[in-house]
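The file query17.cif contains mmCIF, C-alpha atoms:
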```
data_model
#
loop_
_atom_site.label_atom_id
_atom_site.label_comp_id
_atom_site.auth_asym_id
_atom_site.auth_seq_id
_atom_site.Cartn_x
_atom_site.Cartn_y
_atom_site.Cartn_z
CA MET M 1 -47.61 62.08 66.28
CA PRO M 2 -50.67 64.27 65.62
CA SER M 3 -48.41 67.01 64.26
CA PHE M 4 -46.83 64.49 61.84
CA PHE M 5 -50.23 63.48 60.42
CA PHE M 6 -51.23 67.14 60.31
CA CYS M 7 -48.18 67.86 58.08
CA LEU M 8 -49.07 64.97 55.80
CA GLY M 9 -52.59 66.25 55.50
CA ALA M 10 -51.38 69.79 54.77
CA CYS M 11 -49.08 68.53 52.00
CA ALA M 12 -51.87 66.51 50.44
CA LEU M 13 -54.18 69.51 50.58
CA THR M 14 -51.53 71.72 48.96
CA ASN M 15 -51.11 69.26 46.08
CA GLU M 16 -54.85 69.04 45.57
CA LEU M 17 -55.23 72.83 45.52
CA THR M 18 -52.34 73.18 43.05
CA SER M 19 -54.07 70.75 40.69
CA GLU M 20 -57.35 72.61 41.07
CA VAL M 21 -55.65 75.95 40.31
CA ASP M 22 -54.16 74.49 37.14
CA MET M 23 -57.58 73.16 36.13
CA TYR M 24 -59.27 76.51 36.72
CA ARG M 25 -56.60 78.46 34.86
CA GLY M 26 -56.90 76.01 31.97
CA GLN M 27 -60.57 76.98 31.64
CA ALA M 28 -59.92 80.73 31.69
CA PHE M 29 -59.44 80.95 27.91
CA THR M 30 -61.03 79.26 24.95
CA ALA M 31 -59.04 77.04 22.62
CA ASN M 32 -58.85 79.77 19.97
CA THR M 33 -57.63 82.31 22.53
CA LYS M 34 -54.90 79.91 23.67
CA LYS M 35 -53.74 79.49 20.07
CA THR M 36 -53.66 83.26 19.67
CA TYR M 37 -51.56 83.66 22.84
CA GLN M 38 -49.18 80.93 21.66
CA THR M 39 -48.68 82.92 18.47
CA HIS M 40 -47.98 86.05 20.53
CA LEU M 41 -45.50 84.10 22.68
CA ARG M 42 -43.62 82.78 19.65
CA SER M 43 -43.49 86.31 18.28
CA TYR M 44 -42.02 87.61 21.55
CA ILE M 45 -39.43 84.80 21.70
CA SER M 46 -38.44 85.60 18.12
CA PHE M 47 -38.06 89.27 19.11
CA CYS M 48 -35.81 88.29 22.04
CA GLU M 49 -33.66 86.12 19.77
CA LYS M 50 -33.24 88.93 17.26
CA THR M 51 -32.43 91.37 20.05
CA ALA M 52 -29.77 89.03 21.46
CA ALA M 53 -28.35 88.52 17.97
CA LYS M 54 -28.17 92.30 17.48
CA TYR M 55 -26.35 92.55 20.81
CA ALA M 56 -23.82 90.00 19.53
CA ALA M 57 -23.38 92.03 16.32
CA TYR M 58 -22.89 95.17 18.41
CA LEU M 59 -20.22 93.45 20.51
CA ALA M 60 -18.47 92.17 17.38
CA ARG M 61 -17.82 95.77 16.30
CA LYS M 62 -15.11 96.11 18.93
CA LEU M 63 -14.49 92.67 20.45
CA LYS M 64 -12.99 89.40 19.27
CA PRO M 65 -15.36 86.45 18.72
CA SER M 66 -14.14 84.78 21.91
CA SER M 67 -14.96 87.93 23.89
CA VAL M 68 -18.39 88.16 22.23
CA LYS M 69 -19.18 84.69 23.60
CA GLN M 70 -18.04 85.72 27.06
CA TYR M 71 -20.25 88.82 27.03
CA MET M 72 -23.22 86.81 25.75
CA ASN M 73 -22.78 84.43 28.69
CA ILE M 74 -24.49 86.96 30.95
CA ILE M 75 -27.78 85.95 29.30
CA ARG M 76 -27.27 82.42 30.57
CA ILE M 77 -26.34 83.65 34.07
CA ILE M 78 -29.42 85.87 34.37
CA HIS M 79 -31.76 83.05 33.35
CA LEU M 80 -30.10 80.59 35.73
CA GLU M 81 -30.58 83.08 38.56
CA CYS M 82 -34.30 83.00 37.72
CA ASN M 83 -34.31 79.18 37.45
CA LEU M 84 -34.93 79.42 33.72
CA PRO M 85 -33.16 77.63 30.84
CA ASN M 86 -30.68 79.49 28.67
CA PRO M 87 -32.64 80.83 25.66
CA CYS M 88 -29.48 80.96 23.55
CA ASP M 89 -28.89 77.20 23.73
CA ASP M 90 -31.71 76.27 21.38
CA SER M 91 -31.70 79.39 19.24
CA TRP M 92 -30.48 78.57 15.75
CA TYR M 93 -30.78 82.27 14.92
CA ILE M 94 -28.27 83.27 17.63
CA LYS M 95 -25.94 80.33 16.98
CA THR M 96 -25.66 81.10 13.27
CA THR M 97 -25.07 84.78 14.06
CA ILE M 98 -22.13 83.96 16.33
CA LYS M 99 -20.83 81.39 13.84
CA GLY M 100 -20.89 84.07 11.14
CA ILE M 101 -19.04 86.47 13.43
CA GLU M 102 -16.30 83.87 13.92
CA LYS M 103 -15.94 83.34 10.18
CA VAL M 104 -15.84 87.03 9.34
CA LYS M 105 -13.72 88.23 12.26
CA GLY M 106 -11.55 85.11 12.60
CA THR M 107 -10.90 82.99 15.68
CA ASP M 108 -7.12 83.23 15.95
CA VAL M 109 -5.94 83.42 19.54
CA GLN M 110 -2.90 85.62 20.13
CA SER M 111 -0.99 83.53 22.65
CA LYS M 112 1.98 84.81 24.55
CA PRO M 113 5.29 83.54 23.12
CA PRO M 114 7.07 80.85 25.14
CA VAL M 115 10.09 81.64 27.25
CA THR M 116 12.77 79.24 26.04
CA PRO M 117 16.13 78.37 27.65
CA GLU M 118 17.79 80.38 24.86
CA ILE M 119 15.87 83.50 25.91
CA LEU M 120 16.70 82.92 29.58
CA LEU M 121 20.40 82.58 28.78
CA LYS M 122 20.28 86.00 27.08
CA LYS M 123 19.11 87.80 29.91
CA SER M 124 0.26 83.16 38.19
CA ASN M 125 0.61 81.26 41.71
CA LEU M 126 3.59 83.20 42.78
CA PHE M 127 2.70 86.86 43.15
CA GLY M 128 -0.01 88.95 44.70
CA THR M 129 -1.86 91.72 42.88
CA ASP M 130 -1.49 95.44 43.41
CA ALA M 131 -5.19 95.80 44.24
CA GLY M 132 -5.83 92.71 46.34
CA GLY M 133 -2.53 92.56 48.15
CA PHE M 134 -0.95 89.33 49.33
CA ASP M 135 -3.24 86.52 50.48
CA ASN M 136 -1.19 84.00 52.47
CA LYS M 137 -4.07 81.51 52.34
CA LYS M 138 -3.72 81.22 48.55
CA LEU M 139 -0.34 82.38 47.33
CA LEU M 140 3.05 80.91 48.13
CA THR M 141 4.60 81.71 51.50
CA ARG M 142 8.10 81.09 52.79
CA ASN M 143 7.05 77.94 54.64
CA CYS M 144 5.94 76.49 51.27
CA VAL M 145 9.59 76.50 50.17
CA SER M 146 12.10 74.11 51.77
CA MET M 147 15.66 73.01 51.02
CA SER M 148 17.19 69.59 51.54
CA GLY M 149 20.24 67.53 50.65
CA GLY M 150 22.71 70.24 51.56
CA CYS M 151 20.93 72.83 49.41
CA SER M 152 20.96 70.46 46.43
CA GLN M 153 17.18 70.32 46.16
CA ILE M 154 14.29 72.71 46.71
CA THR M 155 10.73 71.53 47.27
CA ILE M 156 7.83 73.91 46.67
CA LYS M 157 4.39 72.96 47.99
CA VAL M 158 1.49 74.52 46.08
CA GLY M 159 -1.84 74.20 47.88
CA TRP M 160 -3.88 76.63 45.80
CA SER M 161 -3.90 77.41 42.10
CA LYS M 162 -6.27 78.24 39.26
CA ASN M 163 -6.85 74.50 38.76
CA ASN M 164 -7.07 73.77 42.49
CA GLN M 165 -9.18 76.55 44.02
CA THR M 166 -10.84 74.26 46.57
CA LYS M 167 -7.46 73.30 48.08
CA GLY M 168 -8.32 69.64 47.59
CA ARG M 169 -4.69 68.61 47.12
CA ILE M 170 -1.13 69.81 47.52
CA GLN M 171 1.22 69.70 44.56
CA GLU M 172 4.88 69.19 45.45
CA ILE M 173 7.42 70.49 42.95
CA ALA M 174 10.99 69.23 43.41
CA LEU M 175 13.78 71.27 41.84
CA HIS M 176 17.28 69.77 41.64
CA ARG M 177 20.57 71.59 41.38
CA LEU M 178 22.12 71.94 37.93
CA ALA M 179 25.80 72.14 38.74
CA ASN M 180 27.65 75.07 37.14
CA HIS M 181 24.67 76.04 34.97
CA PRO M 182 23.36 79.64 34.82
CA LEU M 183 19.75 78.38 34.74
CA CYS M 184 20.03 76.34 37.93
CA PRO M 185 16.71 76.88 39.78
CA VAL M 186 18.15 75.91 43.17
CA SER M 187 20.97 78.46 42.98
CA ALA M 188 18.55 81.20 41.90
CA MET M 189 16.13 80.36 44.70
CA TYR M 190 18.91 80.18 47.28
CA ASP M 191 20.25 83.61 46.25
CA MET M 192 16.77 85.12 46.44
CA LEU M 193 16.15 83.69 49.90
CA CYS M 194 19.48 85.00 51.15
CA MET M 195 18.84 88.49 49.77
CA THR M 196 15.42 88.82 51.40
CA ALA M 197 15.92 86.99 54.72
CA PRO M 198 14.92 87.05 57.51
CA VAL M 199 11.13 86.95 57.10
CA LEU M 200 8.18 85.29 58.81
CA PRO M 201 7.13 81.78 57.67
CA ASP M 202 3.72 82.98 56.46
CA SER M 203 5.10 86.00 54.58
CA GLN M 204 5.22 86.27 50.81
CA ALA M 205 7.60 83.79 49.21
CA PHE M 206 8.50 86.12 46.34
CA PRO M 207 8.63 89.80 47.38
CA MET M 208 7.09 91.21 44.19
CA THR M 209 3.62 91.77 42.76
CA GLY M 210 2.52 90.20 39.49
CA SER M 211 2.28 93.52 37.65
CA LEU M 212 5.76 94.60 38.80
CA PHE M 213 7.20 91.25 37.72
CA ASN M 214 5.64 91.57 34.27
CA LYS M 215 6.90 95.14 33.97
CA LYS M 216 10.48 94.12 34.74
CA LEU M 217 10.14 91.04 32.52
CA ARG M 218 9.05 93.13 29.54
CA SER M 219 11.94 95.50 30.13
CA LEU M 220 14.48 92.67 30.16
CA SER M 221 12.95 90.75 27.25
CA ALA M 222 12.81 93.86 25.07
CA ALA M 223 16.58 93.55 24.73
CA CYS M 224 15.98 90.17 23.07
CA GLY M 225 13.52 91.67 20.60
CA CYS M 226 10.46 90.09 22.22
CA ASN M 227 8.51 92.65 24.24
CA THR M 228 5.26 90.60 24.31
CA ILE M 229 6.55 88.12 26.88
CA SER M 230 4.62 87.86 30.15
CA SER M 231 4.60 85.61 33.19
CA HIS M 232 2.35 83.16 31.31
CA SER M 233 5.17 82.75 28.79
CA PHE M 234 7.05 80.66 31.37
CA ARG M 235 4.17 78.20 31.57
CA ARG M 236 3.95 78.03 27.80
CA GLY M 237 7.71 77.81 27.47
CA GLY M 238 7.96 75.02 30.04
CA ALA M 239 5.36 72.91 28.23
CA THR M 240 7.01 73.62 24.87
CA TRP M 241 10.45 72.67 26.14
CA ALA M 242 9.14 69.50 27.80
CA LEU M 243 7.36 68.36 24.65
CA SER M 244 10.41 69.24 22.56
CA SER M 245 12.54 67.12 24.89
CA GLY M 246 10.41 64.06 24.14
CA ILE M 247 8.60 63.95 27.47
CA PRO M 248 5.24 62.13 27.05
CA GLY M 249 2.20 64.37 26.88
CA GLU M 250 0.53 62.85 29.93
CA ILE M 251 3.64 63.65 32.00
CA VAL M 252 3.69 67.23 30.69
CA LYS M 253 0.03 67.54 31.66
CA ALA M 254 0.77 66.34 35.20
CA MET M 255 3.85 68.58 35.55
CA GLY M 256 1.83 71.63 34.56
CA ASP M 257 -1.14 70.57 36.69
CA TRP M 258 -3.50 70.87 33.71
CA GLN M 259 -6.98 69.46 34.16
CA SER M 260 -7.75 69.60 30.43
CA THR M 261 -5.87 68.96 27.20
CA CYS M 262 -5.11 72.66 26.59
CA TYR M 263 -1.39 71.88 26.86
CA LEU M 264 -1.74 70.35 23.39
CA LEU M 265 -2.00 73.91 22.06
CA TYR M 266 1.77 74.08 22.49
CA LEU M 267 2.45 71.23 20.08
CA ASP M 268 2.99 73.68 17.24
CA GLN M 269 6.00 75.02 19.14
CA ILE M 270 7.95 71.74 18.89
CA PRO M 271 10.97 72.12 16.57
CA GLN M 272 10.80 70.29 13.26
CA TYR M 273 13.97 68.30 13.98
CA VAL M 274 12.30 66.77 17.05
CA ILE M 275 9.26 65.77 15.00
CA ASN M 276 11.49 64.26 12.30
CA HIS M 277 13.43 62.34 14.94
CA TYR M 278 10.28 60.62 16.17
CA ARG M 279 9.10 59.99 12.64
CA ASN M 280 12.35 58.09 11.99
CA LYS M 281 11.95 56.31 15.30
CA MET M 282 8.52 55.07 14.25
CA GLY M 283 10.09 53.52 11.15
CA GLU M 284 12.85 51.89 13.19
CA CYS M 285 10.25 50.26 15.44
CA LEU M 286 8.50 48.45 12.57
CA PRO M 287 8.61 44.64 12.89
CA PRO M 288 11.02 42.78 10.60
CA THR M 289 9.69 41.07 7.48
CA SER M 290 10.87 38.21 5.30
CA LEU M 291 10.77 40.36 2.14
#
```
Please express what this file holds, its structure, as structure tokens.
Amino acid sequence: MPSFFFCLGACALTNELTSEVDMYRGQAFTANTKKTYQTHLRSYISFCEKTAAKYAAYLARKLKPSSVKQYMNIIRIIHLECNLPNPCDDSWYIKTTIKGIEKVKGTDVQSKPPVTPEILLKKSNLFGTDAGGFDNKKLLTRNCVSMSGGCSQITIKVGWSKNNQTKGRIQEIALHRLANHPLCPVSAMYDMLCMTAPVLPDSQAFPMTGSLFNKKLRSLSAACGCNTISSHSFRRGGATWALSSGIPGEIVKAMGDWQSTCYLLYLDQIPQYVINHYRNKMGECLPPTSL
């Protein structure tokens, strides 16, 4: 018990001394001197703002506006590490500089084109990287892939992804056989498993790195006149095809495991005839009138 009261007394003494230090420091300068130092401080802050704005202008010489913002983010990180607020948040000078960069340079995002069923008929969580190798605690392994119903269905369990880095849930993706169709996912998966078996349960599900897959994909897609396709094009293409098929947006979001509304960026890929179909459907759903 004495030690407990000693700690309380020490804390009280510390608080008192802190207040006394503040009082003494407050008396170190006259009122006029404090005003002078405030002027100097504002001048220094203004210098820092102009320096940061010049850094943004320097970055804009060779980077897109979105990349300029990413580079400028280091200012926020450094201040957070020092338990200080981000000086760029309240700087109108910096904000207007970046806004001007966006207007002059443009903010168009060059997205990868979607892979459509038509492209597939002509010719991100899956693969490891060349540098990092295969991490069986994150990427798909053979025991994440199972067949059922006499090889009529494949279930893929995804426990880690860009949107699920804490492994807080497992997403189960069920793929059903498309009889006599060249794009049947079950047949393709079955052939791949047969060609690479036998392997250990915790080995890589798809025996290819991401860079090698993209290299082969570009080679194949070049024959279709679209050499900018990448692995992300499948994600974009899947969302585009789903929306074009009339699947509700909230279902598309769940299927793609999106945590935000970024899937709506693919709305411009929906064919005009699909949009016109739903426009006509809206008219057909109007209530009858007596006119």
Quick one: distance from CA of Asn143 (chain M) to CA of Pro201 (chain M) in Å, one decimal?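 Computed distance, CA of Asn143 (chain M) to CA of Pro201 (chain M), equals 4.9 Å.
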Could you pull the residues within 9 Å of Ile75 (chain M), counting all atoms listed in the file, minus those fewer than 5 positions along the same chain, as a ChimeraX atom specification? /M:52,80,86-88
Evaluate the PyMOL selection byres ((chain M and resi 115) around 8) against this structure - the residues, as a list in words, please.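 Residues picked by the PyMOL selection byres ((chain M and resi 115) around 8): Pro113, Pro114, Thr116, Pro117, Ile119, Leu120, Ile229, Ser233, Phe234, Arg236, Gly237 and Gly238 of chain M.
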Among M:Lys99, M:Arg169, M:His277, M:Lys162, Ser66 (chain M) is approached most closely, using all atoms listed in the file, by M:Lys99
Would you pick out the contacts of Cys151 (chain M) at 8 Å or less, using all atoms listed in the file, so that residues sharing its chain but fewer than 4 positions from it are not included, and give the list as a ChimeraX atom specification? /M:147,186,190
